[in-house]
$ cat model_30.cif   # mmCIF, C-alpha atoms
data_data
#
loop_
_atom_site.label_atom_id
_atom_site.label_comp_id
_atom_site.auth_asym_id
_atom_site.auth_seq_id
_atom_site.Cartn_x
_atom_site.Cartn_y
_atom_site.Cartn_z
CA MET O 1 69.56 15.23 16.56
CA THR O 2 68.30 16.86 13.36
CA GLU O 3 65.14 18.90 12.91
CA GLU O 4 63.46 16.02 11.06
CA THR O 5 64.64 12.71 12.50
CA SER O 6 66.01 11.50 15.81
CA THR O 7 69.29 9.72 15.17
CA LEU O 8 68.76 7.87 18.46
CA THR O 9 65.36 6.37 17.65
CA GLY O 10 64.97 6.78 13.92
CA GLN O 11 61.50 8.27 14.44
CA ASP O 12 60.18 11.12 12.34
CA LEU O 13 59.86 14.22 14.45
CA PRO O 14 57.18 16.89 14.15
CA GLU O 15 58.17 20.21 12.67
CA VAL O 16 59.62 22.72 15.12
CA ARG O 17 57.18 25.58 15.60
CA ASP O 18 58.42 29.06 16.49
CA TRP O 19 56.43 30.47 19.40
CA PRO O 20 57.00 34.22 19.72
CA THR O 21 55.60 36.06 22.72
CA LEU O 22 52.43 37.72 21.48
CA GLU O 23 51.06 40.99 22.85
CA LEU O 24 47.49 39.91 23.60
CA ASP O 25 44.65 42.05 24.88
CA GLY O 26 42.13 41.08 27.50
CA THR O 27 41.80 37.42 28.36
CA GLU O 28 42.35 36.28 24.78
CA PHE O 29 43.82 32.79 24.62
CA ASP O 30 47.15 32.58 22.81
CA PRO O 31 46.28 31.53 19.22
CA ILE O 32 49.66 29.85 18.75
CA LEU O 33 49.08 27.70 21.81
CA ALA O 34 45.60 26.89 20.53
CA ASP O 35 47.15 25.67 17.26
CA LEU O 36 49.74 23.61 19.13
CA MET O 37 46.96 21.98 21.17
CA ARG O 38 45.20 20.95 17.97
CA GLU O 39 48.44 19.55 16.55
CA GLY O 40 49.36 17.68 19.77
CA PRO O 41 49.43 15.77 21.98
CA LEU O 42 53.18 16.44 21.72
CA THR O 43 54.67 19.15 19.56
CA ARG O 44 58.08 20.77 19.27
CA ILE O 45 58.62 24.46 19.91
CA ARG O 46 61.29 27.12 19.67
CA LEU O 47 60.92 30.09 22.04
CA PRO O 48 62.43 33.57 21.55
CA PHE O 49 65.57 33.05 23.66
CA GLY O 50 68.02 30.30 24.57
CA GLU O 51 69.06 27.53 22.21
CA GLY O 52 67.54 24.62 20.33
CA TRP O 53 63.98 23.32 20.59
CA ALA O 54 61.84 21.59 23.21
CA TRP O 55 58.91 19.21 23.41
CA LEU O 56 55.60 20.69 24.53
CA ALA O 57 52.88 18.67 26.28
CA THR O 58 49.41 20.24 26.18
CA ARG O 59 46.89 17.53 27.15
CA TYR O 60 45.77 17.34 30.75
CA GLU O 61 46.84 13.77 31.46
CA ASP O 62 50.21 14.28 29.78
CA VAL O 63 50.86 17.45 31.76
CA ARG O 64 50.08 15.59 34.97
CA ALA O 65 52.22 12.64 33.92
CA VAL O 66 55.28 14.73 33.07
CA THR O 67 55.05 16.88 36.20
CA ASN O 68 54.78 13.80 38.45
CA ASP O 69 57.46 11.72 36.73
CA PRO O 70 60.96 11.80 38.31
CA ARG O 71 62.38 10.90 34.89
CA PHE O 72 61.84 14.56 33.98
CA GLY O 73 64.13 16.75 36.10
CA ARG O 74 64.56 20.46 36.63
CA ALA O 75 68.10 20.59 38.04
CA GLU O 76 69.68 19.79 34.68
CA VAL O 77 68.11 22.95 33.18
CA THR O 78 70.52 25.05 35.25
CA ARG O 79 73.53 23.44 33.59
CA ARG O 80 72.71 24.05 29.93
CA GLN O 81 71.08 26.39 27.45
CA VAL O 82 67.42 25.58 26.69
CA THR O 83 65.01 27.42 24.42
CA ARG O 84 63.07 29.77 26.69
CA MET O 85 60.77 32.77 26.89
CA ALA O 86 62.85 34.95 29.23
CA PRO O 87 65.79 36.91 27.84
CA HIS O 88 67.68 36.48 31.11
CA PHE O 89 68.24 33.18 32.89
CA LYS O 90 70.47 32.85 35.93
CA PRO O 91 69.10 30.32 38.44
CA ARG O 92 70.38 30.55 41.99
CA PRO O 93 71.27 27.74 44.39
CA GLY O 94 68.32 26.89 46.58
CA SER O 95 65.63 27.73 44.06
CA LEU O 96 62.78 25.27 44.60
CA ALA O 97 61.82 25.66 40.96
CA PHE O 98 64.99 23.87 39.83
CA ALA O 99 65.35 21.32 42.64
CA ASP O 100 64.77 17.61 42.17
CA GLN O 101 64.21 15.10 44.96
CA PRO O 102 65.50 14.65 47.59
CA ASP O 103 66.81 18.24 47.58
CA HIS O 104 63.35 19.61 46.84
CA ASN O 105 61.88 18.33 50.10
CA ARG O 106 64.95 19.40 52.07
CA LEU O 107 64.68 22.94 50.72
CA ARG O 108 60.92 23.20 51.07
CA LYS O 109 60.83 22.03 54.69
CA PRO O 110 62.17 25.21 56.37
CA VAL O 111 59.47 27.46 54.86
CA ALA O 112 56.54 25.02 54.85
CA GLY O 113 55.28 26.27 58.21
CA ALA O 114 54.74 29.78 56.82
CA PHE O 115 52.20 28.58 54.24
CA THR O 116 50.06 26.03 56.08
CA VAL O 117 46.28 26.24 56.22
CA GLY O 118 46.51 26.99 59.95
CA ARG O 119 48.96 29.83 59.39
CA MET O 120 46.70 31.28 56.70
CA LYS O 121 43.70 31.16 59.05
CA ARG O 122 45.68 33.16 61.59
CA LEU O 123 46.75 35.59 58.88
CA ARG O 124 43.23 36.17 57.54
CA PRO O 125 42.07 38.81 60.09
CA ARG O 126 45.27 40.82 59.60
CA ALA O 127 44.93 40.57 55.82
CA GLN O 128 41.29 41.68 55.99
CA GLU O 129 42.32 44.63 58.17
CA THR O 130 44.90 45.66 55.57
CA LEU O 131 42.31 45.38 52.80
CA ASP O 132 39.75 47.36 54.82
CA GLY O 133 42.25 50.20 55.10
CA LEU O 134 42.80 50.23 51.35
CA MET O 135 39.05 50.17 50.74
CA ALA O 136 38.55 53.11 53.11
CA ASP O 137 41.13 55.10 51.15
CA LEU O 138 39.44 54.14 47.88
CA LEU O 139 36.00 55.23 49.12
CA ARG O 140 37.39 58.54 50.41
CA GLN O 141 38.92 59.28 47.03
CA GLY O 142 35.72 58.37 45.21
CA PRO O 143 35.19 57.22 41.64
CA PRO O 144 36.60 56.86 39.10
CA ALA O 145 39.63 55.01 40.40
CA ASP O 146 42.17 52.49 39.18
CA LEU O 147 41.65 49.23 41.09
CA VAL O 148 45.14 48.02 40.21
CA GLU O 149 46.82 51.06 41.72
CA HIS O 150 44.63 51.41 44.80
CA VAL O 151 43.79 47.80 45.75
CA LEU O 152 45.01 44.97 43.53
CA GLU O 153 48.66 45.94 43.69
CA PRO O 154 49.17 47.20 47.27
CA PHE O 155 47.14 44.44 48.93
CA PRO O 156 49.16 41.39 47.82
CA ILE O 157 52.40 43.30 48.37
CA ALA O 158 51.39 44.02 51.95
CA VAL O 159 50.23 40.47 52.64
CA VAL O 160 53.26 38.76 51.08
CA SER O 161 55.52 41.21 52.89
CA GLU O 162 53.77 40.27 56.14
CA VAL O 163 54.33 36.56 55.52
CA MET O 164 57.91 37.06 54.38
CA GLY O 165 58.79 39.49 57.18
CA VAL O 166 59.62 42.58 55.07
CA PRO O 167 59.80 45.74 57.21
CA ASP O 168 57.35 48.51 56.30
CA ASP O 169 60.10 50.87 55.18
CA MET O 170 61.41 48.34 52.61
CA ARG O 171 58.15 47.26 50.99
CA ALA O 172 58.13 49.86 48.19
CA GLN O 173 61.72 49.05 47.25
CA VAL O 174 61.10 45.28 47.27
CA HIS O 175 58.08 45.77 45.05
CA SER O 176 60.12 47.86 42.61
CA TRP O 177 62.68 45.08 42.36
CA THR O 178 60.12 42.34 41.82
CA ARG O 179 58.27 44.31 39.14
CA GLN O 180 61.46 44.68 37.12
CA ILE O 181 62.46 41.05 37.58
CA ILE O 182 59.23 39.64 36.13
CA SER O 183 59.14 42.15 33.27
CA THR O 184 60.67 41.33 29.90
CA SER O 185 61.13 45.04 29.20
CA GLY O 186 64.34 46.81 30.10
CA GLY O 187 66.44 43.84 29.00
CA ALA O 188 68.78 41.56 30.87
CA GLU O 189 70.80 44.40 32.42
CA ALA O 190 67.81 46.01 34.16
CA ALA O 191 66.61 42.64 35.42
CA GLU O 192 70.08 41.77 36.67
CA ARG O 193 70.37 45.07 38.56
CA ALA O 194 67.00 44.40 40.20
CA LYS O 195 67.99 40.84 41.09
CA ASN O 196 71.30 41.97 42.56
CA GLY O 197 69.54 44.59 44.66
CA MET O 198 66.84 42.28 45.94
CA TYR O 199 69.03 39.25 46.55
CA GLY O 200 71.64 41.40 48.28
CA TRP O 201 68.97 42.71 50.65
CA ILE O 202 67.61 39.18 51.22
CA THR O 203 71.11 37.95 52.11
CA GLU O 204 71.52 40.66 54.73
CA THR O 205 68.03 39.97 56.13
CA VAL O 206 68.57 36.21 56.43
CA ARG O 207 71.89 36.79 58.21
CA ALA O 208 70.30 39.27 60.59
CA ARG O 209 67.62 36.76 61.62
CA ALA O 210 69.84 33.81 62.46
CA GLU O 211 68.72 33.90 66.08
CA SER O 212 65.10 34.79 65.41
CA THR O 213 62.22 32.66 66.66
CA GLY O 214 59.66 34.40 64.44
CA ASP O 215 57.34 32.57 62.04
CA ASP O 216 57.93 34.88 59.05
CA VAL O 217 59.81 33.35 56.12
CA TYR O 218 63.05 35.30 56.58
CA SER O 219 63.18 34.31 60.25
CA LEU O 220 62.51 30.66 59.41
CA LEU O 221 65.25 30.73 56.79
CA GLY O 222 67.72 32.49 59.07
CA ALA O 223 67.13 29.88 61.75
CA ALA O 224 67.44 27.00 59.27
CA VAL O 225 70.80 28.34 58.08
CA ALA O 226 71.99 28.68 61.68
CA ARG O 227 71.02 25.03 62.32
CA GLY O 228 72.93 23.91 59.24
CA GLU O 229 69.84 22.53 57.45
CA ILE O 230 70.37 24.70 54.38
CA SER O 231 73.15 26.96 53.19
CA GLU O 232 72.88 30.73 53.11
CA ALA O 233 72.94 30.65 49.30
CA GLU O 234 70.06 28.15 49.32
CA ALA O 235 68.07 30.32 51.76
CA VAL O 236 68.47 33.32 49.47
CA GLY O 237 67.50 31.28 46.41
CA LEU O 238 64.43 29.99 48.25
CA ALA O 239 63.26 33.43 49.35
CA GLY O 240 63.45 35.28 46.03
CA PRO O 241 60.69 33.45 44.10
CA LEU O 242 58.44 33.46 47.20
CA GLN O 243 58.86 37.22 47.46
CA ILE O 244 58.05 37.70 43.79
CA GLY O 245 54.98 35.45 43.97
CA GLY O 246 52.67 38.22 45.19
CA GLU O 247 52.76 39.80 41.73
CA ALA O 248 50.73 36.91 40.32
CA VAL O 249 47.78 37.60 42.65
CA THR O 250 47.57 41.21 41.44
CA HIS O 251 47.32 40.26 37.81
CA ASN O 252 45.25 37.09 38.19
CA CYS O 253 42.64 39.02 40.20
CA GLY O 254 42.77 41.81 37.63
CA GLN O 255 41.83 39.32 34.92
CA MET O 256 39.12 37.73 37.06
CA LEU O 257 37.54 41.09 37.89
CA TYR O 258 37.69 42.14 34.24
CA LEU O 259 35.72 39.02 33.33
CA LEU O 260 33.14 39.69 36.06
CA LEU O 261 32.82 43.35 35.01
CA THR O 262 32.29 42.47 31.35
CA ARG O 263 29.85 39.59 31.89
CA PRO O 264 26.75 40.94 33.67
CA GLU O 265 25.13 37.53 34.19
CA LEU O 266 28.28 36.12 35.75
CA MET O 267 28.61 39.17 38.00
CA ARG O 268 24.97 38.94 39.05
CA ARG O 269 25.25 35.28 39.94
CA THR O 270 28.48 35.87 41.87
CA ARG O 271 26.90 38.70 43.87
CA GLU O 272 23.64 36.91 44.59
CA ARG O 273 25.19 33.60 45.66
CA PRO O 274 28.13 34.44 47.92
CA GLU O 275 28.09 30.92 49.35
CA ALA O 276 28.94 29.56 45.88
CA ARG O 277 31.75 32.01 45.06
CA GLY O 278 34.41 29.37 45.62
CA ALA O 279 33.23 27.50 42.53
CA VAL O 280 33.21 30.71 40.50
CA LEU O 281 36.77 31.50 41.55
CA ASP O 282 37.92 28.00 40.58
CA GLU O 283 36.32 28.36 37.17
CA LEU O 284 37.89 31.78 36.62
CA LEU O 285 41.27 30.42 37.73
CA ARG O 286 40.87 27.63 35.18
CA TYR O 287 39.86 30.01 32.42
CA ILE O 288 42.22 32.99 32.71
CA PRO O 289 45.45 32.91 30.68
CA HIS O 290 47.52 33.85 33.71
CA ARG O 291 50.87 33.79 31.97
CA SER O 292 52.46 34.32 28.58
CA SER O 293 53.77 31.25 26.76
CA VAL O 294 55.19 28.60 29.14
CA GLY O 295 57.13 28.55 32.39
CA LEU O 296 60.20 26.45 33.19
CA ALA O 297 61.47 23.45 31.26
CA ARG O 298 62.28 19.97 32.45
CA ILE O 299 64.94 17.66 31.01
CA ALA O 300 64.33 13.99 30.23
CA LEU O 301 66.84 12.09 32.36
CA GLU O 302 66.30 8.90 30.34
CA ASP O 303 64.37 7.87 27.25
CA VAL O 304 60.63 8.14 27.87
CA ASP O 305 57.81 6.97 25.58
CA LEU O 306 54.70 9.13 25.55
CA HIS O 307 51.89 8.54 23.02
CA GLY O 308 54.27 6.40 21.00
CA VAL O 309 56.73 9.28 20.77
CA ARG O 310 60.22 8.67 22.11
CA ILE O 311 61.42 11.61 24.19
CA ALA O 312 65.16 11.02 24.25
CA ALA O 313 67.35 11.45 27.30
CA GLY O 314 68.54 15.04 27.34
CA ASP O 315 65.53 16.45 25.49
CA PRO O 316 63.97 19.53 27.11
CA VAL O 317 60.23 19.30 27.79
CA TYR O 318 57.70 22.00 28.60
CA VAL O 319 54.16 21.54 29.86
CA SER O 320 51.35 24.06 29.45
CA TYR O 321 48.99 24.36 32.40
CA LEU O 322 46.95 26.83 30.36
CA ALA O 323 46.40 24.20 27.68
CA ALA O 324 45.66 21.49 30.24
CA ASN O 325 42.98 23.73 31.73
CA ARG O 326 41.29 23.85 28.30
CA ASP O 327 41.48 20.12 27.54
CA PRO O 328 37.97 19.19 26.33
CA ASP O 329 38.38 15.60 27.55
CA VAL O 330 38.51 16.94 31.12
CA PHE O 331 36.61 20.23 30.85
CA PRO O 332 33.65 19.93 28.46
CA ASP O 333 33.07 23.11 26.43
CA PRO O 334 36.32 24.55 27.83
CA GLU O 335 35.96 27.96 26.15
CA ARG O 336 32.83 28.67 28.19
CA ILE O 337 32.98 30.08 31.72
CA ASP O 338 30.76 27.67 33.64
CA PRO O 339 30.40 28.61 37.34
CA ASP O 340 28.65 25.28 37.96
CA ARG O 341 31.47 23.18 36.50
CA GLU O 342 31.86 20.07 38.64
CA PRO O 343 34.38 18.61 39.06
CA ASN O 344 36.92 21.30 38.27
CA PRO O 345 40.40 19.81 38.75
CA HIS O 346 42.22 22.78 37.21
CA LEU O 347 46.01 22.95 37.31
CA SER O 348 46.33 26.71 37.79
CA PHE O 349 48.64 26.28 40.78
CA GLY O 350 50.70 23.59 39.09
CA ASN O 351 51.00 19.89 39.79
CA GLY O 352 53.32 17.39 41.40
CA PRO O 353 56.32 18.25 43.59
CA HIS O 354 56.48 21.76 42.12
CA TYR O 355 52.90 22.61 43.05
CA CYS O 356 52.86 26.29 44.07
CA THR O 357 54.23 26.73 47.61
CA GLY O 358 52.05 29.78 48.14
CA ALA O 359 48.83 28.36 46.69
CA VAL O 360 46.89 28.57 49.98
CA LEU O 361 48.09 32.16 50.46
CA ALA O 362 47.14 33.10 46.89
CA ARG O 363 43.68 31.59 47.33
CA LEU O 364 43.18 33.47 50.60
CA GLN O 365 44.06 36.79 49.00
CA THR O 366 41.88 36.11 45.97
CA GLU O 367 38.86 35.27 48.12
CA LEU O 368 39.30 38.37 50.26
CA LEU O 369 39.72 40.65 47.25
CA ILE O 370 36.69 39.39 45.34
CA ASP O 371 34.43 39.19 48.40
CA THR O 372 35.38 42.62 49.71
CA LEU O 373 35.16 44.45 46.38
CA LEU O 374 31.79 42.92 45.46
CA ASP O 375 30.27 43.34 48.91
CA ARG O 376 31.54 46.88 49.61
CA LEU O 377 30.96 48.25 46.10
CA PRO O 378 27.52 47.01 44.98
CA GLY O 379 27.58 49.33 41.97
CA LEU O 380 31.07 48.32 40.82
CA ARG O 381 31.47 48.75 37.07
CA LEU O 382 34.11 49.64 34.51
CA ALA O 383 34.66 53.39 34.15
CA VAL O 384 35.80 53.01 30.52
CA PRO O 385 34.61 50.82 27.63
CA ALA O 386 36.00 47.30 27.93
CA ASP O 387 38.17 47.72 24.84
CA GLU O 388 39.89 50.74 26.41
CA VAL O 389 41.30 48.81 29.36
CA VAL O 390 45.09 48.86 29.01
CA TRP O 391 46.86 45.51 29.30
CA ARG O 392 50.39 44.71 30.41
CA ARG O 393 53.01 44.35 27.70
CA ARG O 394 56.33 42.49 27.54
CA THR O 395 55.71 40.60 30.73
CA MET O 396 55.55 36.97 31.79
CA ILE O 397 52.42 37.42 33.90
CA ARG O 398 49.38 38.70 32.00
CA GLY O 399 46.80 41.09 33.39
CA PRO O 400 45.38 44.60 33.11
CA GLN O 401 47.88 47.39 33.62
CA THR O 402 45.05 49.56 34.86
CA LEU O 403 41.44 48.73 35.72
CA PRO O 404 39.46 51.99 35.89
CA VAL O 405 36.18 51.51 37.77
CA ALA O 406 33.27 53.48 39.18
CA TRP O 407 30.57 52.51 41.69
#
$ encode --input "model_30.cif" --output "structure tokens"
Amino acid sequence: MTEETSTLTGQDLPEVRDWPTLELDGTEFDPILADLMREGPLTRIRLPFGEGWAWLATRYEDVRAVTNDPRFGRAEVTRRQVTRMAPHFKPRPGSLAFADQPDHNRLRKPVAGAFTVGRMKRLRPRAQETLDGLMADLLRQGPPADLVEHVLEPFPIAVVSEVMGVPDDMRAQVHSWTRQIISTSGGAEAAERAKNGMYGWITETVRARAESTGDDVYSLLGAAVARGEISEAEAVGLAGPLQIGGEAVTHNCGQMLYLLLTRPELMRRTRERPEARGAVLDELLRYIPHRSSVGLARIALEDVDLHGVRIAAGDPVYVSYLAANRDPDVFPDPERIDPDREPNPHLSFGNGPHYCTGAVLARLQTELLIDTLLDRLPGLRLAVPADEVVWRRRTMIRGPQTLPVAW
């Protein structure tokens, strides 16, 4: 297939657009993605690493269609080079992210019980207790203080470690590994060392819990391996992304709090109407650019027509949930934060079979963090001018590196 014309269909193809990873401050929306949305509904992109080009779907209905359509598969991505954002790419057996049906359901089943609504309700008091301890430490220290360091980072680590079954004496090490894995700094070698360390530890932990009857993830996986439902390699591949997932809560909440702290009217409304905070959180989840660029590709398993464009079998396809969340046909005036937006069917936790396994856990942590910080710190404010907040660089998950506050 050439850059200009598909030899399979004879159709003229849109120009391939290079999409470098921009270093953006604050909650600025990626201007390249904004351009691609205007050029859509389907464009072609080339990302910084990997090979070739890929289709990009940006409209809400197209994103939902692609992510629900079994004609677009993830497993094939593991067997070939695809243009991508990450410099390193080494999928492991068992990774839910690259599993198609029926393997996806088989792999998801052993850990599903750890992330149910009922399990999260039972976890909530323990999570609140953990957060209360962090808040007590913060209040003892006094202002100014970095919310990322003292609350937003340690809280999700502790909660995810509780759900996963990470012993207290390993939590700092596991966090160090996950931070390096999601970073694009340090290169492939540093990321590979971190992956080897973390996955080696996970392997030992799963083996050690083969006879466990616990309801933490590592115990559930150990038991599933012992019953022959999944292989040890699949258990390890399942656990890694779940362990890393806590990082997203830190940085998503950092962005959400930054928006509240820099928009007095939004903060006032959120404080004064605690019963309506759920709608505010949904709107902030819709609005924040929670990641850089795009996530994982899919491969067309057969020819698919979309908007009169023939996506040929073998073509890689990306979807942008960030773009879908700004589709004006679904979200009128999408650039405005509207806490009364109704309905608000945002796709911040994904869509289809690959909908985020830990979505209920992430929502629980987000609610606890926002409620506790706003209720316990009525004078919460930034301790530096908004333009002096330092933002993360060379990373897949966007957010403030530090969030200095006073109260």
$ closest_residue --input "model_30.cif" --among "O:Met198, O:Met135, O:Leu259, O:Leu301" --to "Pro289 of chain O" --atoms "only C-alpha atoms"
O:Leu259
$ resolve_selection --input "model_30.cif" --expression "the PyMOL selection byres ((chain O and resi 30-45) around 9)" --output "ChimeraX atom specification"
/O:13-20,22,24,28-29,46-47,52-59,62,83,289,292-293,306-307,309,317,320,322-323,327
$ resolve_selection --input "model_30.cif" --expression "the PyMOL selection byres ((chain O and resi 92-100) around 6)" --output "VMD selection string"
chain O and resid 74 to 75 91 101 103 to 104 233 to 234 237 to 238
$ atom_distance --input "model_30.cif" --atom1 "atom CA of Gly197 of chain O" --atom2 "atom CA of Leu134 of chain O"
28.1 Å
$ resolve_selection --input "model_30.cif" --expression "the PyMOL selection byres ((chain O and resi 171-181) around 12)" --output "PyMOL selection string"
chain O and resi 86-90+153-162+164-170+182-202+240-248+250-251+392+394-397
$ atom_distance --input "model_30.cif" --atom1 "atom CA of Glu335 of chain O" --atom2 "atom CA of Arg273 of chain O"
23.0 Å
$ atom_distance --input "model_30.cif" --atom1 "atom CA of Leu361 of chain O" --atom2 "atom CA of Pro144 of chain O"
29.5 Å
$ residues_around --input "model_30.cif" --residues "Cys253 of chain O" --least-positions-apart "3" --cutoff "8 Å" --atoms "only C-alpha atoms" --output "list in words"
Leu152, Val249, Thr250, Met256, Leu257, Thr366, Leu369 and Ile370 of chain O
$ closest_residue --input "model_30.cif" --among "O:Pro339, O:Gly350, O:Gly222, O:Gly295" --to "Val280 of chain O" --atoms "only C-alpha atoms"
O:Pro339
$ closest_residue --input "model_30.cif" --among "O:Asp282, O:Asp371, O:Glu232, O:Asp25" --to "Leu347 of chain O" --atoms "only C-alpha atoms"
O:Asp282
$ closest_residue --input "model_30.cif" --among "O:Gly142, O:Gly214, O:Pro70, O:Pro316" --to "Pro102 of chain O" --atoms "all atoms listed in the file"
O:Pro70
$ residues_around --input "model_30.cif" --residues "Arg209 of chain O" --least-positions-apart "3" --cutoff "10 Å" --atoms "only C-alpha atoms" --output "PDB file with C-alpha atoms, keeping the file's coordinate frame"
ATOM      1  CA  GLU O 204      71.520  40.660  54.730  1.00  0.00           C
ATOM      2  CA  THR O 205      68.030  39.970  56.130  1.00  0.00           C
ATOM      3  CA  VAL O 206      68.570  36.210  56.430  1.00  0.00           C
ATOM      4  CA  SER O 212      65.100  34.790  65.410  1.00  0.00           C
ATOM      5  CA  THR O 213      62.220  32.660  66.660  1.00  0.00           C
ATOM      6  CA  GLY O 214      59.660  34.400  64.440  1.00  0.00           C
ATOM      7  CA  TYR O 218      63.050  35.300  56.580  1.00  0.00           C
ATOM      8  CA  SER O 219      63.180  34.310  60.250  1.00  0.00           C
ATOM      9  CA  LEU O 220      62.510  30.660  59.410  1.00  0.00           C
ATOM     10  CA  LEU O 221      65.250  30.730  56.790  1.00  0.00           C
ATOM     11  CA  GLY O 222      67.720  32.490  59.070  1.00  0.00           C
ATOM     12  CA  ALA O 223      67.130  29.880  61.750  1.00  0.00           C
ATOM     13  CA  VAL O 225      70.800  28.340  58.080  1.00  0.00           C
ATOM     14  CA  ALA O 226      71.990  28.680  61.680  1.00  0.00           C
TER      15      ALA O 226
END
$ closest_residue --input "model_30.cif" --among "O:Ala386, O:Val405, O:Ala239, O:Leu281" --to "Ser348 of chain O" --atoms "all atoms listed in the file"
O:Leu281
$ closest_residue --input "model_30.cif" --among "O:Asp132, O:Asp215, O:Asp303, O:Asp387" --to "Phe72 of chain O" --atoms "only C-alpha atoms"
O:Asp303
$ build_atoms --input "model_30.cif" --residues "segment 249-255 of chain O" --atoms "all heavy atoms" --output "compact mmCIF listing (two decimals), keeping the file's coordinate frame"
# COMPACT_ATOMS: atom_id res chain seq x y z
N VAL O 249 49.12 37.35 42.11
CA VAL O 249 47.78 37.60 42.65
C VAL O 249 47.20 38.89 42.08
O VAL O 249 46.03 38.95 41.70
CB VAL O 249 47.81 37.65 44.19
CG1 VAL O 249 46.45 38.07 44.75
CG2 VAL O 249 48.21 36.30 44.76
N THR O 250 48.02 39.93 42.01
CA THR O 250 47.57 41.21 41.44
C THR O 250 46.98 41.01 40.06
O THR O 250 45.86 41.46 39.76
CB THR O 250 48.74 42.20 41.35
OG1 THR O 250 49.16 42.55 42.67
CG2 THR O 250 48.34 43.47 40.61
N HIS O 251 47.72 40.33 39.21
CA HIS O 251 47.32 40.26 37.81
C HIS O 251 46.27 39.18 37.55
O HIS O 251 45.40 39.35 36.68
CB HIS O 251 48.57 40.08 36.95
CG HIS O 251 49.60 41.13 37.24
ND1 HIS O 251 49.31 42.47 37.14
CD2 HIS O 251 50.86 41.05 37.70
CE1 HIS O 251 50.38 43.17 37.49
NE2 HIS O 251 51.33 42.33 37.84
N ASN O 252 46.32 38.08 38.30
CA ASN O 252 45.25 37.09 38.19
C ASN O 252 43.91 37.69 38.60
O ASN O 252 42.89 37.50 37.93
CB ASN O 252 45.55 35.87 39.05
CG ASN O 252 46.68 35.01 38.48
OD1 ASN O 252 47.12 35.23 37.36
ND2 ASN O 252 47.13 34.05 39.26
N CYS O 253 43.89 38.41 39.74
CA CYS O 253 42.64 39.02 40.20
C CYS O 253 42.19 40.11 39.24
O CYS O 253 40.98 40.32 39.06
CB CYS O 253 42.81 39.57 41.61
SG CYS O 253 42.81 38.28 42.87
N GLY O 254 43.14 40.81 38.63
CA GLY O 254 42.77 41.81 37.63
C GLY O 254 42.02 41.17 36.47
O GLY O 254 41.00 41.69 36.01
N GLN O 255 42.52 40.02 36.00
CA GLN O 255 41.83 39.32 34.92
C GLN O 255 40.46 38.81 35.36
O GLN O 255 39.47 38.91 34.62
CB GLN O 255 42.67 38.14 34.44
CG GLN O 255 43.90 38.51 33.65
CD GLN O 255 44.43 37.33 32.86
OE1 GLN O 255 43.75 36.76 32.02
NE2 GLN O 255 45.67 36.95 33.14
